[in-house]
$ cat query.csv   # CSV, C-alpha atoms
chain,number,residue,atom,x,y,z
W,1,MET,CA,32.4,1.8,23.0
W,2,LYS,CA,31.3,3.9,26.0
W,3,PHE,CA,28.9,6.7,25.6
W,4,ALA,CA,29.3,10.1,27.4
W,5,LYS,CA,25.6,10.6,27.3
W,6,LYS,CA,22.4,8.7,27.4
W,7,ILE,CA,19.4,10.3,25.7
W,8,VAL,CA,15.9,10.3,27.1
W,9,ALA,CA,13.0,11.5,24.9
W,10,VAL,CA,10.1,12.2,27.1
W,11,VAL,CA,6.5,12.8,26.0
W,12,ALA,CA,4.9,15.0,28.7
W,13,GLY,CA,2.4,18.4,29.8
W,14,VAL,CA,2.5,22.0,28.4
W,15,ALA,CA,3.1,25.7,29.3
W,16,MET,CA,3.6,28.1,26.5
W,17,CYS,CA,5.8,31.2,26.4
W,18,ALA,CA,3.8,34.0,25.0
W,19,GLY,CA,4.5,34.3,21.4
W,20,LEU,CA,6.9,31.5,21.8
W,21,ALA,CA,9.6,34.0,22.7
W,22,ALA,CA,12.3,33.3,25.3
W,23,CYS,CA,10.9,33.7,28.8
W,24,GLY,CA,13.7,32.2,31.0
W,25,GLY,CA,16.9,30.2,31.0
W,26,SER,CA,17.6,27.3,28.7
W,27,ARG,CA,19.2,24.0,29.7
W,28,SER,CA,22.9,24.0,28.8
W,29,GLY,CA,23.7,22.5,25.5
W,30,GLN,CA,20.2,22.5,24.1
W,31,ALA,CA,19.8,22.7,20.3
W,32,THR,CA,23.6,22.5,19.9
W,33,GLY,CA,24.2,18.8,19.2
W,34,GLY,CA,27.7,17.5,19.6
W,35,ASP,CA,27.1,14.7,22.1
W,36,ALA,CA,28.7,11.3,21.8
W,37,LYS,CA,27.0,9.0,19.3
W,38,ILE,CA,24.8,6.2,20.2
W,39,GLU,CA,25.2,2.9,18.5
W,40,LYS,CA,22.4,1.3,16.4
W,41,GLY,CA,20.8,-1.4,18.5
W,42,ALA,CA,20.8,0.7,21.7
W,43,THR,CA,17.6,0.6,23.8
W,44,ILE,CA,15.0,3.3,23.6
W,45,GLY,CA,12.1,3.6,26.0
W,46,ILE,CA,8.7,4.9,25.1
W,47,SER,CA,6.3,5.7,28.0
W,48,MET,CA,2.7,6.6,27.1
W,49,PRO,CA,0.1,7.9,29.7
W,50,THR,CA,-2.6,5.3,29.1
W,51,LYS,CA,-3.6,2.4,26.8
W,52,SER,CA,-7.3,3.2,27.3
W,53,GLU,CA,-7.3,6.0,24.7
W,54,GLU,CA,-7.0,5.2,21.0
W,55,ARG,CA,-4.7,8.1,20.3
W,56,TRP,CA,-1.9,7.1,22.7
W,57,ASN,CA,-1.8,3.5,21.3
W,58,LYS,CA,-1.3,5.0,17.8
W,59,ASP,CA,1.4,7.4,19.0
W,60,GLY,CA,3.4,4.8,20.9
W,61,ASN,CA,3.2,2.1,18.3
W,62,ASN,CA,3.9,4.4,15.4
W,63,LEU,CA,7.1,5.6,17.0
W,64,LYS,CA,8.1,2.2,18.2
W,65,ALA,CA,7.8,0.8,14.6
W,66,LYS,CA,9.9,3.6,13.2
W,67,LEU,CA,12.7,3.2,15.7
W,68,GLU,CA,12.7,-0.6,15.4
W,69,LYS,CA,13.0,-0.3,11.7
W,70,ALA,CA,16.0,1.9,12.2
W,71,GLY,CA,17.6,-0.9,14.2
W,72,TYR,CA,17.0,0.3,17.8
W,73,LYS,CA,15.6,-1.9,20.6
W,74,VAL,CA,12.4,-0.4,22.0
W,75,ILE,CA,10.6,-0.7,25.4
W,76,LEU,CA,7.0,0.6,25.1
W,77,SER,CA,5.0,1.0,28.3
W,78,PHE,CA,1.6,2.5,29.2
W,79,ALA,CA,1.1,4.1,32.6
W,80,ASP,CA,-2.6,3.3,33.0
W,81,ASP,CA,-3.3,7.0,33.8
W,82,LYS,CA,-1.2,6.7,37.0
W,83,PRO,CA,1.6,9.2,37.5
W,84,ALA,CA,3.4,6.9,40.0
W,85,GLN,CA,3.3,4.1,37.4
W,86,GLN,CA,4.8,6.3,34.8
W,87,ASN,CA,7.6,7.4,37.0
W,88,ALA,CA,8.4,3.7,37.7
W,89,ASP,CA,8.2,2.9,34.0
W,90,ILE,CA,10.8,5.7,33.2
W,91,GLU,CA,13.1,4.6,36.0
W,92,ASN,CA,12.9,1.0,34.9
W,93,MET,CA,13.9,2.1,31.3
W,94,VAL,CA,16.9,4.0,32.6
W,95,ASN,CA,17.8,1.1,34.8
W,96,ASN,CA,17.7,-1.1,31.7
W,97,ASP,CA,20.2,1.2,30.1
W,98,ALA,CA,17.8,2.9,27.8
W,99,LYS,CA,19.7,5.6,25.9
W,100,ILE,CA,16.5,7.2,24.7
W,101,VAL,CA,13.1,7.2,26.5
W,102,VAL,CA,10.0,8.8,24.9
W,103,VAL,CA,7.3,9.6,27.5
W,104,ALA,CA,3.9,11.2,27.0
W,105,SER,CA,3.2,12.2,30.5
W,106,LYS,CA,0.0,11.6,32.5
W,107,ASP,CA,0.9,14.5,34.7
W,108,GLY,CA,3.5,17.0,33.4
W,109,THR,CA,4.6,18.0,36.9
W,110,ALA,CA,4.5,14.6,38.6
W,111,VAL,CA,6.8,13.1,36.1
W,112,GLY,CA,9.6,15.6,36.9
W,113,PRO,CA,11.5,13.5,39.5
W,114,ALA,CA,11.7,10.5,37.1
W,115,VAL,CA,13.2,12.5,34.2
W,116,GLU,CA,15.5,14.3,36.6
W,117,LYS,CA,16.9,10.9,37.6
W,118,ALA,CA,17.4,10.1,34.0
W,119,ARG,CA,19.1,13.5,33.5
W,120,ASP,CA,21.4,12.8,36.5
W,121,ALA,CA,22.3,9.5,34.9
W,122,GLY,CA,23.6,11.5,31.9
W,123,ALA,CA,20.4,11.5,29.9
W,124,LYS,CA,18.8,14.1,27.6
W,125,VAL,CA,15.1,14.6,27.6
W,126,ILE,CA,12.7,15.2,24.7
W,127,ALA,CA,9.1,16.1,25.6
W,128,TYR,CA,6.6,14.6,23.2
W,129,ASP,CA,3.3,16.3,22.8
W,130,ARG,CA,3.0,17.3,26.5
W,131,LEU,CA,5.7,19.4,28.2
W,132,ILE,CA,7.2,18.3,31.4
W,133,MET,CA,6.8,21.1,33.9
W,134,ASN,CA,8.9,22.9,36.6
W,135,THR,CA,12.2,21.2,35.8
W,136,ASP,CA,15.3,21.9,33.8
W,137,ALA,CA,15.5,18.2,32.8
W,138,VAL,CA,14.0,18.8,29.4
W,139,ASP,CA,16.1,19.4,26.2
W,140,TYR,CA,13.5,19.4,23.4
W,141,TYR,CA,9.8,19.3,22.8
W,142,ALA,CA,7.7,18.2,19.9
W,143,THR,CA,4.0,18.9,19.6
W,144,PHE,CA,1.3,20.5,17.5
W,145,GLN,CA,0.4,24.2,17.5
W,146,LEU,CA,-1.7,24.0,20.6
W,147,GLU,CA,-3.7,27.2,20.5
W,148,GLN,CA,-4.5,26.5,16.8
W,149,VAL,CA,-6.5,23.4,17.9
W,150,GLY,CA,-8.9,25.7,19.8
W,151,VAL,CA,-8.9,28.2,17.0
W,152,LEU,CA,-10.0,25.5,14.6
W,153,GLU,CA,-12.8,24.3,16.9
W,154,ALA,CA,-14.1,27.9,17.6
W,155,THR,CA,-13.9,28.8,13.9
W,156,TYR,CA,-16.1,25.9,13.0
W,157,LEU,CA,-18.7,27.0,15.5
W,158,ILE,CA,-18.5,30.6,14.4
W,159,ASP,CA,-19.0,29.6,10.8
W,160,GLN,CA,-21.9,27.2,11.5
W,161,LEU,CA,-23.7,29.8,13.6
W,162,LYS,CA,-23.0,32.4,10.9
W,163,LEU,CA,-21.7,34.8,13.5
W,164,LYS,CA,-19.4,36.6,11.1
W,165,ASP,CA,-22.4,37.1,8.8
W,166,GLY,CA,-24.1,39.1,11.5
W,167,ALA,CA,-26.3,36.5,13.2
W,168,THR,CA,-27.3,37.9,16.5
W,169,GLY,CA,-28.8,34.9,18.3
W,170,PRO,CA,-28.6,34.7,21.2
W,171,PHE,CA,-27.2,31.2,20.7
W,172,ASN,CA,-27.0,28.7,23.6
W,173,ILE,CA,-23.6,27.1,23.9
W,174,GLU,CA,-22.0,24.9,26.6
W,175,LEU,CA,-18.3,24.6,27.0
W,176,PHE,CA,-15.9,21.9,28.2
W,177,THR,CA,-12.1,21.8,28.6
W,178,GLY,CA,-9.7,18.9,29.0
W,179,SER,CA,-8.1,17.3,32.0
W,180,PRO,CA,-7.0,19.7,34.8
W,181,ASP,CA,-3.6,17.9,35.1
W,182,ASP,CA,-2.9,18.3,31.4
W,183,ASN,CA,-1.4,21.7,30.6
W,184,ASN,CA,-2.2,21.3,26.9
W,185,ALA,CA,-5.9,21.7,27.8
W,186,LYS,CA,-5.3,25.3,28.8
W,187,TYR,CA,-3.9,26.2,25.4
W,188,PHE,CA,-6.6,24.4,23.5
W,189,PHE,CA,-9.2,26.5,25.4
W,190,LYS,CA,-7.2,29.7,25.0
W,191,GLY,CA,-7.3,29.4,21.3
W,192,ALA,CA,-11.0,28.9,21.3
W,193,TRP,CA,-11.9,31.4,24.0
W,194,ASP,CA,-10.0,34.2,22.3
W,195,LEU,CA,-12.4,33.9,19.4
W,196,LEU,CA,-15.6,33.1,21.3
W,197,GLN,CA,-15.4,35.5,24.2
W,198,PRO,CA,-16.1,38.6,22.1
W,199,TYR,CA,-19.5,37.1,21.1
W,200,PHE,CA,-20.2,36.5,24.8
W,201,GLU,CA,-19.4,40.2,25.4
W,202,LYS,CA,-22.0,41.1,22.7
W,203,GLY,CA,-24.6,38.7,24.1
W,204,VAL,CA,-24.6,36.8,20.8
W,205,LEU,CA,-23.4,33.6,22.6
W,206,VAL,CA,-24.7,32.7,26.1
W,207,SER,CA,-24.2,29.7,28.3
W,208,PRO,CA,-27.3,29.5,30.4
W,209,SER,CA,-26.3,26.6,32.6
W,210,GLN,CA,-24.3,26.9,35.9
W,211,HIS,CA,-21.7,24.5,34.5
W,212,GLY,CA,-18.3,25.7,35.7
W,213,GLN,CA,-18.9,26.9,39.3
W,214,GLY,CA,-21.3,29.6,38.3
W,215,GLY,CA,-21.4,29.3,34.6
W,216,VAL,CA,-19.4,30.6,31.7
W,217,THR,CA,-20.1,34.3,31.2
W,218,LYS,CA,-18.4,37.2,29.3
W,219,ASP,CA,-16.2,37.6,32.4
W,220,PHE,CA,-14.9,34.1,32.2
W,221,THR,CA,-11.1,34.0,31.6
W,222,VAL,CA,-8.6,31.6,30.2
W,223,GLU,CA,-7.3,31.2,33.8
W,224,ASP,CA,-10.8,29.8,34.8
W,225,TRP,CA,-10.4,26.9,32.3
W,226,GLN,CA,-10.2,24.2,35.1
W,227,LYS,CA,-13.7,25.1,36.3
W,228,ILE,CA,-15.2,23.4,33.2
W,229,SER,CA,-12.6,20.6,32.9
W,230,VAL,CA,-13.1,16.9,32.5
W,231,MET,CA,-10.7,14.9,34.6
W,232,SER,CA,-8.5,12.5,32.6
W,233,TRP,CA,-10.6,13.5,29.5
W,234,LYS,CA,-13.0,10.7,30.4
W,235,THR,CA,-16.1,10.1,28.3
W,236,GLU,CA,-18.1,9.0,31.4
W,237,GLN,CA,-17.4,12.2,33.3
W,238,ALA,CA,-18.3,14.3,30.3
W,239,GLN,CA,-21.6,12.4,29.9
W,240,LYS,CA,-22.4,12.9,33.6
W,241,ASP,CA,-21.6,16.6,33.4
W,242,MET,CA,-23.7,17.0,30.3
W,243,GLU,CA,-26.6,15.1,31.7
W,244,SER,CA,-26.6,17.5,34.7
W,245,ILE,CA,-26.5,20.5,32.3
W,246,LEU,CA,-29.5,19.1,30.3
W,247,ASP,CA,-31.5,18.3,33.4
W,248,SER,CA,-30.9,21.7,34.9
W,249,THR,CA,-31.2,23.9,31.9
W,250,TYR,CA,-32.6,22.1,28.8
W,251,ALA,CA,-35.2,19.8,30.3
W,252,HIS,CA,-38.2,21.5,28.7
W,253,GLY,CA,-37.3,21.7,25.1
W,254,GLU,CA,-34.9,24.6,25.3
W,255,LYS,CA,-32.6,24.9,22.3
W,256,LEU,CA,-29.0,24.0,22.6
W,257,ASP,CA,-27.1,25.4,19.6
W,258,ALA,CA,-23.5,24.3,20.2
W,259,VAL,CA,-21.1,22.5,22.5
W,260,LEU,CA,-17.4,23.3,22.5
W,261,THR,CA,-15.4,20.2,23.5
W,262,PRO,CA,-11.7,19.8,23.0
W,263,TYR,CA,-11.6,16.0,22.5
W,264,ASP,CA,-13.5,13.3,20.7
W,265,GLY,CA,-14.0,11.3,23.9
W,266,ILE,CA,-15.6,14.2,25.6
W,267,ALA,CA,-17.7,14.8,22.5
W,268,GLN,CA,-18.9,11.2,22.8
W,269,GLY,CA,-20.0,11.8,26.4
W,270,VAL,CA,-21.9,14.9,25.3
W,271,ILE,CA,-23.6,12.9,22.5
W,272,ASN,CA,-24.5,10.0,24.9
W,273,ALA,CA,-26.1,12.5,27.3
W,274,ILE,CA,-28.1,14.2,24.6
W,275,GLU,CA,-29.4,10.9,23.2
W,276,SER,CA,-30.3,9.8,26.7
W,277,LYS,CA,-31.9,13.0,28.0
W,278,ARG,CA,-33.2,14.7,24.9
W,279,PRO,CA,-34.4,12.0,22.3
W,280,ASP,CA,-36.3,14.8,20.6
W,281,MET,CA,-33.0,16.2,19.3
W,282,LYS,CA,-32.2,14.5,16.1
W,283,PRO,CA,-28.7,14.4,14.3
W,284,GLY,CA,-28.8,16.1,11.0
W,285,THR,CA,-31.6,18.5,11.9
W,286,ASP,CA,-31.7,22.0,13.4
W,287,SER,CA,-32.6,20.5,16.7
W,288,TRP,CA,-29.1,18.9,17.1
W,289,PRO,CA,-26.2,21.1,18.3
W,290,TYR,CA,-22.9,21.7,16.6
W,291,ILE,CA,-20.3,19.7,18.5
W,292,THR,CA,-16.5,19.9,18.2
W,293,GLY,CA,-13.7,17.5,19.0
W,294,GLN,CA,-10.1,16.6,18.6
W,295,ASP,CA,-7.9,13.6,17.7
W,296,ALA,CA,-9.9,12.1,14.8
W,297,MET,CA,-10.7,9.0,16.8
W,298,GLU,CA,-12.6,6.2,15.1
W,299,ILE,CA,-15.8,7.1,17.1
W,300,ALA,CA,-15.5,10.6,15.8
W,301,VAL,CA,-15.2,9.4,12.2
W,302,ALA,CA,-18.5,7.5,12.7
W,303,ASN,CA,-20.1,10.4,14.5
W,304,ILE,CA,-19.2,12.9,11.9
W,305,ALA,CA,-20.5,10.7,9.1
W,306,LYS,CA,-23.8,10.4,11.0
W,307,ASP,CA,-24.1,14.1,11.7
W,308,LYS,CA,-23.7,13.6,15.5
W,309,GLN,CA,-20.4,15.5,15.6
W,310,GLY,CA,-19.5,18.4,13.4
W,311,GLU,CA,-15.8,18.4,13.3
W,312,THR,CA,-12.6,17.0,14.8
W,313,VAL,CA,-9.1,18.4,14.9
W,314,PHE,CA,-6.8,16.0,13.2
W,315,LYS,CA,-3.3,15.9,14.6
W,316,ASP,CA,-1.4,13.5,12.4
W,317,VAL,CA,0.5,11.2,14.8
W,318,ASN,CA,2.4,9.8,11.9
W,319,LYS,CA,4.0,13.2,11.3
W,320,LEU,CA,4.6,13.7,15.1
W,321,ALA,CA,6.3,10.3,15.2
W,322,ASP,CA,8.4,11.3,12.2
W,323,ALA,CA,9.4,14.5,14.0
W,324,VAL,CA,10.4,12.8,17.2
W,325,TYR,CA,12.1,10.1,15.3
W,326,ASP,CA,14.2,12.7,13.4
W,327,MET,CA,15.1,14.4,16.7
W,328,VAL,CA,16.2,11.1,18.3
W,329,VAL,CA,18.3,10.1,15.3
W,330,GLU,CA,20.0,13.5,15.1
W,331,ILE,CA,20.8,13.5,18.8
W,332,ALA,CA,22.0,9.9,18.6
W,333,GLU,CA,24.3,10.8,15.8
W,334,GLY,CA,25.7,13.8,17.6
W,335,LYS,CA,24.1,16.3,15.2
W,336,GLU,CA,22.3,19.5,15.8
W,337,VAL,CA,18.5,19.0,16.0
W,338,SER,CA,16.9,20.6,12.9
W,339,GLY,CA,13.4,22.0,12.3
W,340,LEU,CA,13.0,23.7,15.7
W,341,ASN,CA,10.5,26.6,15.2
W,342,GLY,CA,9.5,27.7,18.7
W,343,LYS,CA,10.1,27.6,22.4
W,344,PHE,CA,7.8,26.7,25.3
W,345,ASN,CA,8.4,27.8,28.8
W,346,ASN,CA,7.8,25.1,31.5
W,347,ASN,CA,8.1,27.5,34.5
W,348,ASN,CA,11.8,26.7,34.7
W,349,ILE,CA,13.4,27.0,31.3
W,350,ASP,CA,12.6,27.7,27.7
W,351,VAL,CA,12.5,24.4,25.8
W,352,PRO,CA,13.4,24.4,22.1
W,353,SER,CA,10.4,23.0,20.3
W,354,LYS,CA,9.3,21.5,17.0
W,355,LEU,CA,5.6,22.6,16.3
W,356,LEU,CA,3.4,20.9,13.7
W,357,ASP,CA,0.1,22.2,12.2
W,358,PRO,CA,-3.2,20.5,13.0
W,359,GLN,CA,-6.0,20.2,10.4
W,360,ASN,CA,-9.8,20.6,10.8
W,361,ILE,CA,-11.8,17.6,9.6
W,362,THR,CA,-15.5,17.8,8.8
W,363,LYS,CA,-17.9,15.7,6.8
W,364,ASP,CA,-16.7,17.5,3.7
W,365,ASN,CA,-13.1,16.3,4.0
W,366,LEU,CA,-13.4,13.2,6.1
W,367,GLN,CA,-11.8,11.2,3.4
W,368,ASP,CA,-8.5,13.1,4.1
W,369,LEU,CA,-7.9,10.7,7.0
W,370,VAL,CA,-7.6,7.9,4.4
W,371,THR,CA,-5.4,10.0,2.2
W,372,ALA,CA,-3.1,10.6,5.1
W,373,ASN,CA,-2.8,6.9,5.8
W,374,TYR,CA,-4.3,7.5,9.2
W,375,ILE,CA,-7.0,5.0,8.6
W,376,THR,CA,-7.5,2.4,5.9
W,377,GLN,CA,-10.2,2.7,3.3
W,378,ASP,CA,-11.8,-0.6,4.5
W,379,ARG,CA,-12.0,0.6,8.1
W,380,PHE,CA,-13.2,4.0,6.9
W,381,ASP,CA,-16.0,2.4,5.0
W,382,GLU,CA,-17.0,0.3,8.0
W,383,LEU,CA,-17.2,3.3,10.2
W,384,THR,CA,-19.1,5.5,7.8
W,385,LYS,CA,-21.6,3.1,6.3

$ encode --input "query.csv" --output "structure tokens"
Amino acid sequence: MKFAKKIVAVVAGVAMCAGLAACGGSRSGQATGGDAKIEKGATIGISMPTKSEERWNKDGNNLKAKLEKAGYKVILSFADDKPAQQNADIENMVNNDAKIVVVASKDGTAVGPAVEKARDAGAKVIAYDRLIMNTDAVDYYATFQLEQVGVLEATYLIDQLKLKDGATGPFNIELFTGSPDDNNAKYFFKGAWDLLQPYFEKGVLVSPSQHGQGGVTKDFTVEDWQKISVMSWKTEQAQKDMESILDSTYAHGEKLDAVLTPYDGIAQGVINAIESKRPDMKPGTDSWPYITGQDAMEIAVANIAKDKQGETVFKDVNKLADAVYDMVVEIAEGKEVSGLNGKFNNNNIDVPSKLLDPQNITKDNLQDLVTANYITQDRFDELTK
């Protein structure tokens, strides 16, 4: 049997249409189904951005297992944080007759030429967690409610500092954003900044350091997010930046009340810096700042249990893998993709999207990670003892 279409599911970078309303054109045939079916046993490629981060290992392997169980052959690759490598990986999958390729992009713009080649070969493209930018070679997108991640982080800080209860501070806070080549990072920050900026306006929150090319003030905007970014979300860079902040602004016992970070790896860098530069600050006491994170990494589980990190935003990759698996199967069977509940604009087209809800995890509900089968009870006990 010959197939009129190949399918390529691609996990890539993010730009959001305001209110998720349509902002431009849509690729012909999107969300309509009706393509030729793909036989069970066909090859599916999964391209992840890196193997060095716990999260992407889980994403890739979870989806691989589900697809193999359904009878598909799967090629899983990791791009080692190199856009050129990721492009080569995708092209290799297409050359090996992959009917579906799932790619979480290292760089949402740089991956465009590779998916366009896949499209030109008759492929469809599904963006997974990160949207591919500036191309019409994207059919579907699956991710979490991105701004809600920042909302959850900011809400935690607002609650802990009792800002809604009328606390006037001023409270010292330092802010970090994610990698400048990851469009998701902008939306994480937007969700948080929309809630925190009014407290900067009132002088209740202040960022006394010059971190961010002049510091974060009430006049800081969402468009300034890259000024406080951490390239590739690296723990080491976050630690270096935080050490500089501590040396310049908190070297003489000044109080640091909170640190907004969008990722557990960045939070770990902040923690490392505090432990190195300010040993007088003790976890579990008023001297230790409230620190946020994302991804429910194992190190975050341990840090939360030990009062080093206050919260992490849990994005259940099992549910995301389920969502993408359902998309792939429906497209493979020539059916209309179900469960679409939004659109994201990638500066070229509006991409039909399936958006999942994240969950805030603190010490009070840390056990939820076991309940969700995200981590085993034995491993949880090891990390939290």

$ residues_around --input "query.csv" --residues "range 190-196 of chain W" --least-positions-apart "3" --cutoff "9 Å" --atoms "all atoms listed in the file" --output "number ranges by chain"
W: 146-155, 157-158, 185-187, 199-200, 205, 221-223, 225, 260

$ closest_residue --input "query.csv" --among "W:Ala332, W:Met231, W:Ile274, W:Ala167" --to "Ile100 in chain W" --atoms "all atoms listed in the file"
W:Ala332

$ closest_residue --input "query.csv" --among "W:Asn62, W:Asp182, W:Met281, W:Ile349" --to "Asn373 in chain W" --atoms "all atoms listed in the file"
W:Asn62

$ atom_distance --input "query.csv" --atom1 "CA of Gly310 in chain W" --atom2 "CA of Ile361 in chain W"
8.6 Å

$ residues_near_point --input "query.csv" --point "(-20.1, 35.2, 28.5)" --cutoff "8 Å" --atoms "all atoms listed in the file" --output "list in words"
Gln197, Tyr199, Phe200, Glu201, Gly203, Leu205, Val206, Ser207, Val216, Thr217, Lys218, Asp219 and Phe220 of chain W

$ closest_atom_pairs --input "query.csv" --of "range 33-104 of chain W" --to "range 262-270 of chain W" --cutoff "12 Å" --atoms "all atoms listed in the file" --output "JSON lines"
{"residue": "W:Ser52", "atom": "CA", "partner": "W:Gly265", "partner_atom": "CA", "distance": 11.0}
{"residue": "W:Glu53", "atom": "CA", "partner": "W:Gly265", "partner_atom": "CA", "distance": 8.6}
{"residue": "W:Glu54", "atom": "CA", "partner": "W:Gly265", "partner_atom": "CA", "distance": 9.7}
{"residue": "W:Arg55", "atom": "CA", "partner": "W:Asp264", "partner_atom": "CA", "distance": 10.2}

$ decode --input "query.csv" --residues "range 173-185 of chain W" --atoms "N, CA and C atoms" --output "compact mmCIF listing (two decimals), in the first residue's frame"
# COMPACT_ATOMS: atom_id res chain seq x y z
N ILE W 173 13.30 41.03 45.73
CA ILE W 173 13.10 39.88 44.86
C ILE W 173 14.03 39.97 43.66
N GLU W 174 14.58 38.85 43.24
CA GLU W 174 15.36 38.78 42.02
C GLU W 174 14.63 37.86 41.04
N LEU W 175 14.77 38.17 39.75
CA LEU W 175 13.99 37.47 38.74
C LEU W 175 14.87 36.90 37.63
N PHE W 176 14.52 35.71 37.20
CA PHE W 176 15.20 35.04 36.08
C PHE W 176 14.15 34.56 35.08
N THR W 177 14.54 34.54 33.81
CA THR W 177 13.71 33.92 32.79
C THR W 177 14.50 32.80 32.11
N GLY W 178 13.83 32.07 31.23
CA GLY W 178 14.44 30.92 30.59
C GLY W 178 15.34 31.30 29.42
N SER W 179 15.64 30.33 28.60
CA SER W 179 16.60 30.52 27.52
C SER W 179 16.05 31.48 26.45
N PRO W 180 16.88 32.41 25.96
CA PRO W 180 16.41 33.39 24.99
C PRO W 180 16.03 32.79 23.64
N ASP W 181 16.45 31.54 23.38
CA ASP W 181 16.07 30.90 22.12
C ASP W 181 14.85 30.00 22.27
N ASP W 182 14.20 30.06 23.42
CA ASP W 182 13.00 29.26 23.68
C ASP W 182 11.82 30.20 23.88
N ASN W 183 10.92 30.23 22.91
CA ASN W 183 9.80 31.16 22.98
C ASN W 183 8.85 30.87 24.13
N ASN W 184 8.84 29.64 24.63
CA ASN W 184 8.02 29.34 25.81
C ASN W 184 8.39 30.26 26.97
N ALA W 185 9.69 30.58 27.07
CA ALA W 185 10.19 31.34 28.21
C ALA W 185 9.49 32.69 28.33
